[in-house]
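Notes to accompany the following structure.
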Amino acid sequence: MTSPTSGPPRQSWLPLVVLATGVSMVVIDATIVNVAVPAIIADLGLGATDVEWVNSIYSLMFAALLIPFGRAGDRYGRRRLFALGVAVFLVASVLAAMSANGPMLIGVRAVQGVGAAMAVPMTLAIINRVYVGRQRVIAFAVWGSIIGGMAAAGPLAGGWLVTEYGWRAAFWVNLPIGALLLLGSLRVPESRDGRATGGDLAGLVLAVLGTTGVVFALIEGQKYGWFEPRRTADLFGLRFESVSPVPFAFGAGVLALVALIVRERRRERAGLPVLVDLTLFELPSFRYGSMTAVIVALGEFGMILVLPLFLQSALGYTAFRAGLVIAALALGTFLAGGLVPPLSKTLSPRSIVRIGLALEAAGAAGIGLSLAPDMGAWRPVPWLLLYGAGIGFATAQLTGVLMADVPARLSGGASALQSTVRQLGAALGVAILGGVLVSGLGSAVERGLSDRPQQVRTSVARAVEESAGAAIPALRDPAVHAAAVVAAAEATRRVTFITALALLAGVGITLLLPRTPVVRDESPEQVAAGGPDTGGREPDM
């Protein structure tokens with residue numbers, strides 16, 4: 001049995017550097033490929049379906065395997081699984097850079113998702129285990145800022161790499177980073193749950209099927225249609241022409257998750273090992289923190305989806321220039337993350353989360369008010385900085401609030417569960433806000449072309465709507481193009497206002513979070529004695 005104070009000395013930040021770098025690599029890779037898609041198409045000659053799966057398969061594998069790997073880390077060792085995940089991710093990155101065709105690239109992107117699912121939940125679990133007192137506040141602030149900031153920095157990094165070195169550089173860049181991470185992982189303390197026992201194969205299958213079905217439906221709903229099929233879908237040898245696969249996937253996913261919950265409850269009452277410890281949701285901090293995390297992820301990833309589309313499609317920005325504008329969000333996130341530790345000396349974590357969500361809501365509304373067909377590149381930047389600062393405050397402290405009362409022995413499973421919640425929130429953001437954008441584009445184009453024949457209005461509106469605005473640069477008629485740009489501004493503005501309302505709802509949810517004291521520095525002896533920082537956690541075995 002290791003003592004609760006085992007691990008690096010209090011002054012050592014090397015484990016945090018290693019873990020933060022690992023998260024950075026995974027998060028950036030999730031967004032960097034979006035920018036590289038046109039170059040990949042030109043080089044490999046990919047079809048539309050191949051392109052869609054290059055992005056989707058990574059997100060699906062990542063979301064589906066978080067829970068199983070979280071529990072595996074508790075049982076077999078969190079550092080071990082983190083290092084294995086980095087190695088898998090690294091090998092897949094090398095193969096992706098060497099891909100000669102679409103199927104190979106899709107396959108290795110799936111493997112990348114597996115590696116990411118191994119590594120990411122382990123980072124938070126290890127941080128929760130290693131650091132105490134104010135060090136934990138700082139560590140969570142760094143982790144949360146990276147999750148928020150790197151998602152926004154990905155398009156900028158991707159634009160630069162693809163422009164200067166080609167799309168394969170987006171994968172080659174992971175080689176030196178991954179090699180350093182594997183060396184650095186040797187300095188990360190190992191921890192595990194000594195009471196973890198055999199797995200639950202049926203529960204694992206239900207978790208994977210359930211998460212995959214729900215996330216697939218949320219991501220692909222706009223593409224294939226929820227009720228009326230938008231296009232033919234070829235999935236796993238099945239061809240969907242007259243119906244959409246989305247409602248079937250969503251229904252199967254929900255049923256699998258319900259079956260998983262019922263099964264885990266029964267196994268828990270029978271004293272059998274469980275895959276998902278549902279008692280975590282009995283902790284108010286974890287329950288309401290998870291709800292807030294969904295709101296934060298919904299707003300953040302929805303915003304990162306719609307703003308680059310507007311900047312590139314409507315205003316004609318290059319990917320790199322659009323990335324420079326969006327980078328203001330990342331800058332605000334990192335700056336705010338640096339302010340969290342000193343603020344935590346006087347404000348409770350719950351208060352900082354609430355301030356962050358309020359800043360996000362104000363920033364989202366300001367972005368909406370600043371959008372215009374003739375706006376300059378820097379007009380939304382102050383609001384993006386404000387929005388990013390809100391993410392830095394909310395995400396940085398929300399992680400600590402959410403994990404505050406989780407027993408250390410369950411850190412891996414809890415970290416995976418909260419990462420899954422964030423992924424569902426991100427998928428919801430893409431589905432809901434993307435749906436608002438698409439429907440708004442179609443109706444706004446119709447209104448803007450009211451003086452044109454019905455056939456022209458319908459064809460232009462359909463082209464703009466189905467491409468989510470990407471067809472706007474190809475519109476040759478100046479009047480039609482101008483009307484489409486105005487429509488894009490109107491639809492994007494609507495998305496930002498809905499985002500602001502959702503974030504205000506998140507502020508309301510924070511009222512349900514338990515009151516938490518201002519974090520004080522504690523000695524290892526206080527932690528060992530079960531002081532306030534431990535939250536009653538039990539030592540790892």
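So you can find residues: chains in the structure tokens are A, B, ... in the order shown, residues in each start at 1, and ligands are numbered from 1 in order.
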| request: Run DSSP on the backbone of this structure and report the residues of stretch 446-516 of chain A it assigns to alpha helix (DSSP H), as a PyMOL selection string. | output: chain A and resi 446-448+454-466+478-510
| said: I'd like to know which residues of stretch 75-251 of chain A are strand (DSSP E or B) (by DSSP, run on the backbone); could you write them as a list in words? | reply: Ala233, Asp234, Leu235, Leu238, Arg239 and Phe240 of chain A
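Taking atom CA of A:Ala488 as the reference point, atom CA of A:Ile391 is found at 25.4 Å.
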| task | Would you mind listing what lies within 9 Å of A:Arg462 as a list of chain:residue names, with only C-alpha atoms counted and same-chain residues fewer than 5 positions away left out? | result | A:Gly442, A:Arg457, A:Ser467
Name all residues at most 9 Å from A:Val507 (count only C-alpha atoms; drop same-chain ones fewer than 4 positions away) and give them as a PDB file with all heavy atoms, in the first residue's frame.
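Writing the result to result29.pdb gives the following:
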ATOM      1  N   THR A 292     -22.625  20.885 -15.804  1.00  0.00           N
ATOM      2  CA  THR A 292     -22.005  22.140 -16.216  1.00  0.00           C
ATOM      3  C   THR A 292     -20.972  21.900 -17.311  1.00  0.00           C
ATOM      4  O   THR A 292     -20.853  22.700 -18.255  1.00  0.00           O
ATOM      5  CB  THR A 292     -21.332  22.823 -15.011  1.00  0.00           C
ATOM      6  OG1 THR A 292     -22.271  22.935 -13.936  1.00  0.00           O
ATOM      7  CG2 THR A 292     -20.840  24.210 -15.379  1.00  0.00           C
ATOM      8  N   VAL A 353     -15.953  29.232 -11.275  1.00  0.00           N
ATOM      9  CA  VAL A 353     -16.685  28.589 -12.372  1.00  0.00           C
ATOM     10  C   VAL A 353     -17.836  29.473 -12.826  1.00  0.00           C
ATOM     11  O   VAL A 353     -18.068  29.672 -14.030  1.00  0.00           O
ATOM     12  CB  VAL A 353     -17.213  27.206 -11.941  1.00  0.00           C
ATOM     13  CG1 VAL A 353     -18.180  26.642 -12.977  1.00  0.00           C
ATOM     14  CG2 VAL A 353     -16.054  26.240 -11.721  1.00  0.00           C
ATOM     15  N   ARG A 354     -18.563  30.030 -11.875  1.00  0.00           N
ATOM     16  CA  ARG A 354     -19.718  30.874 -12.205  1.00  0.00           C
ATOM     17  C   ARG A 354     -19.280  32.126 -12.951  1.00  0.00           C
ATOM     18  O   ARG A 354     -19.911  32.535 -13.934  1.00  0.00           O
ATOM     19  CB  ARG A 354     -20.458  31.249 -10.919  1.00  0.00           C
ATOM     20  CG  ARG A 354     -21.814  31.894 -11.135  1.00  0.00           C
ATOM     21  CD  ARG A 354     -22.514  32.068  -9.807  1.00  0.00           C
ATOM     22  NE  ARG A 354     -22.692  30.785  -9.146  1.00  0.00           N
ATOM     23  CZ  ARG A 354     -22.718  30.609  -7.828  1.00  0.00           C
ATOM     24  NH1 ARG A 354     -22.556  31.638  -7.020  1.00  0.00           N
ATOM     25  NH2 ARG A 354     -22.898  29.412  -7.316  1.00  0.00           N
ATOM     26  N   ILE A 355     -18.188  32.747 -12.499  1.00  0.00           N
ATOM     27  CA  ILE A 355     -17.670  33.932 -13.189  1.00  0.00           C
ATOM     28  C   ILE A 355     -17.271  33.562 -14.621  1.00  0.00           C
ATOM     29  O   ILE A 355     -17.543  34.302 -15.578  1.00  0.00           O
ATOM     30  CB  ILE A 355     -16.465  34.507 -12.427  1.00  0.00           C
ATOM     31  CG1 ILE A 355     -16.930  35.118 -11.095  1.00  0.00           C
ATOM     32  CG2 ILE A 355     -15.734  35.556 -13.258  1.00  0.00           C
ATOM     33  CD1 ILE A 355     -15.783  35.507 -10.179  1.00  0.00           C
ATOM     34  N   GLY A 356     -16.624  32.409 -14.771  1.00  0.00           N
ATOM     35  CA  GLY A 356     -16.199  31.980 -16.101  1.00  0.00           C
ATOM     36  C   GLY A 356     -17.363  31.797 -17.056  1.00  0.00           C
ATOM     37  O   GLY A 356     -17.324  32.253 -18.206  1.00  0.00           O
ATOM     38  N   LEU A 357     -18.426  31.146 -16.598  1.00  0.00           N
ATOM     39  CA  LEU A 357     -19.591  30.939 -17.455  1.00  0.00           C
ATOM     40  C   LEU A 357     -20.254  32.263 -17.817  1.00  0.00           C
ATOM     41  O   LEU A 357     -20.726  32.447 -18.950  1.00  0.00           O
ATOM     42  CB  LEU A 357     -20.590  30.014 -16.755  1.00  0.00           C
ATOM     43  CG  LEU A 357     -20.186  28.541 -16.704  1.00  0.00           C
ATOM     44  CD1 LEU A 357     -21.096  27.776 -15.752  1.00  0.00           C
ATOM     45  CD2 LEU A 357     -20.265  27.916 -18.095  1.00  0.00           C
ATOM     46  N   ALA A 358     -20.304  33.188 -16.868  1.00  0.00           N
ATOM     47  CA  ALA A 358     -20.885  34.506 -17.149  1.00  0.00           C
ATOM     48  C   ALA A 358     -20.053  35.249 -18.200  1.00  0.00           C
ATOM     49  O   ALA A 358     -20.604  35.888 -19.111  1.00  0.00           O
ATOM     50  CB  ALA A 358     -20.976  35.324 -15.863  1.00  0.00           C
ATOM     51  N   ALA A 502     -27.455  29.242 -23.550  1.00  0.00           N
ATOM     52  CA  ALA A 502     -27.075  27.953 -22.959  1.00  0.00           C
ATOM     53  C   ALA A 502     -26.071  28.151 -21.829  1.00  0.00           C
ATOM     54  O   ALA A 502     -26.159  27.498 -20.770  1.00  0.00           O
ATOM     55  CB  ALA A 502     -26.483  27.039 -24.032  1.00  0.00           C
ATOM     56  N   LEU A 503     -25.126  29.061 -22.010  1.00  0.00           N
ATOM     57  CA  LEU A 503     -24.126  29.320 -20.977  1.00  0.00           C
ATOM     58  C   LEU A 503     -24.746  29.979 -19.750  1.00  0.00           C
ATOM     59  O   LEU A 503     -24.324  29.717 -18.617  1.00  0.00           O
ATOM     60  CB  LEU A 503     -23.008  30.193 -21.544  1.00  0.00           C
ATOM     61  CG  LEU A 503     -22.136  29.485 -22.594  1.00  0.00           C
ATOM     62  CD1 LEU A 503     -21.291  30.491 -23.363  1.00  0.00           C
ATOM     63  CD2 LEU A 503     -21.244  28.434 -21.934  1.00  0.00           C
ATOM     64  N   LEU A 511     -25.457  27.010  -9.329  1.00  0.00           N
ATOM     65  CA  LEU A 511     -26.102  27.276  -8.042  1.00  0.00           C
ATOM     66  C   LEU A 511     -26.371  25.987  -7.282  1.00  0.00           C
ATOM     67  O   LEU A 511     -26.559  26.008  -6.061  1.00  0.00           O
ATOM     68  CB  LEU A 511     -27.412  28.041  -8.258  1.00  0.00           C
ATOM     69  CG  LEU A 511     -27.294  29.423  -8.914  1.00  0.00           C
ATOM     70  CD1 LEU A 511     -28.674  30.001  -9.182  1.00  0.00           C
ATOM     71  CD2 LEU A 511     -26.474  30.363  -8.043  1.00  0.00           C
TER      72      LEU A 511
END
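Candidate residues A:Met403, A:Val495, A:Tyr288, A:Ala463 were compared for distance to A:Gly368, and the nearest is A:Val495, using only C-alpha atoms.
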For the contact check between stretch 343-447 of chain A and stretch 119-122 of chain A, emit one row per residue of stretch 343-447 of chain A within 10 Å, containing the shortest atom pair and the distance in Å rounded to one decimal, counting only C-alpha atoms, chain then rising number order, as a tab-separated table.
residue	atom	partner	partner_atom	distance
A:Ser411	CA	A:Met122	CA	8.4
A:Gly412	CA	A:Met122	CA	6.0
A:Gly413	CA	A:Pro121	CA	8.0
A:Ala414	CA	A:Pro121	CA	8.4
A:Ser415	CA	A:Pro121	CA	5.0
A:Ala416	CA	A:Pro121	CA	4.8
A:Leu417	CA	A:Pro121	CA	8.3
A:Gln418	CA	A:Pro121	CA	8.5
A:Ser419	CA	A:Pro121	CA	6.6
A:Thr420	CA	A:Pro121	CA	9.2
The selected residues should be written to file as a PDB file, in the first residue's frame (atoms: C-alpha atoms).
ATOM      1  CA  SER A 411      -9.727   8.528 -10.310  1.00  0.00           C
ATOM      2  CA  GLY A 412      -9.286   6.669 -13.598  1.00  0.00           C
ATOM      3  CA  GLY A 413     -12.939   5.735 -13.978  1.00  0.00           C
ATOM      4  CA  ALA A 414     -14.120   9.176 -12.845  1.00  0.00           C
ATOM      5  CA  SER A 415     -11.718  10.948 -15.213  1.00  0.00           C
ATOM      6  CA  ALA A 416     -12.885   8.802 -18.116  1.00  0.00           C
ATOM      7  CA  LEU A 417     -16.514   9.441 -17.220  1.00  0.00           C
ATOM      8  CA  GLN A 418     -16.051  13.206 -17.103  1.00  0.00           C
ATOM      9  CA  SER A 419     -14.094  13.072 -20.396  1.00  0.00           C
ATOM     10  CA  THR A 420     -16.991  11.141 -21.931  1.00  0.00           C
TER      11      THR A 420
END
As a compact mmCIF listing (two decimals) with all heavy atoms, in the first residue's frame, please: the residues near A:Arg515 (cut-off 9 Å, only C-alpha atoms, same-chain neighbours under 4 positions excluded).
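Resulting contents of out08.txt:
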# COMPACT_ATOMS: atom_id res chain seq x y z
N SER A 348 -13.95 30.96 -3.92
CA SER A 348 -14.15 29.52 -3.93
C SER A 348 -14.16 29.01 -5.37
O SER A 348 -14.45 29.78 -6.31
CB SER A 348 -15.49 29.17 -3.27
OG SER A 348 -16.57 29.61 -4.07
N PRO A 349 -13.87 27.73 -5.59
CA PRO A 349 -13.90 27.17 -6.95
C PRO A 349 -15.25 27.37 -7.62
O PRO A 349 -15.31 27.67 -8.81
CB PRO A 349 -13.60 25.68 -6.72
CG PRO A 349 -12.79 25.66 -5.46
CD PRO A 349 -13.35 26.75 -4.60
N ARG A 350 -16.35 27.21 -6.87
CA ARG A 350 -17.68 27.38 -7.45
C ARG A 350 -17.86 28.79 -7.97
O ARG A 350 -18.44 29.00 -9.05
CB ARG A 350 -18.75 27.04 -6.41
CG ARG A 350 -20.16 27.06 -6.95
CD ARG A 350 -21.18 26.69 -5.90
NE ARG A 350 -21.36 27.76 -4.92
CZ ARG A 350 -22.42 27.86 -4.11
NH1 ARG A 350 -23.35 26.94 -4.16
NH2 ARG A 350 -22.51 28.84 -3.25
| query | Can you tell me, as a ChimeraX atom specification, what residues are no more than 12 Å from A:Thr279 when counting only C-alpha atoms, ignoring any on the same chain fewer than 3 positions away? | reply | /A:261,264-265,268-269,274-276,282-284,286-287,405-407,410,413-414,417
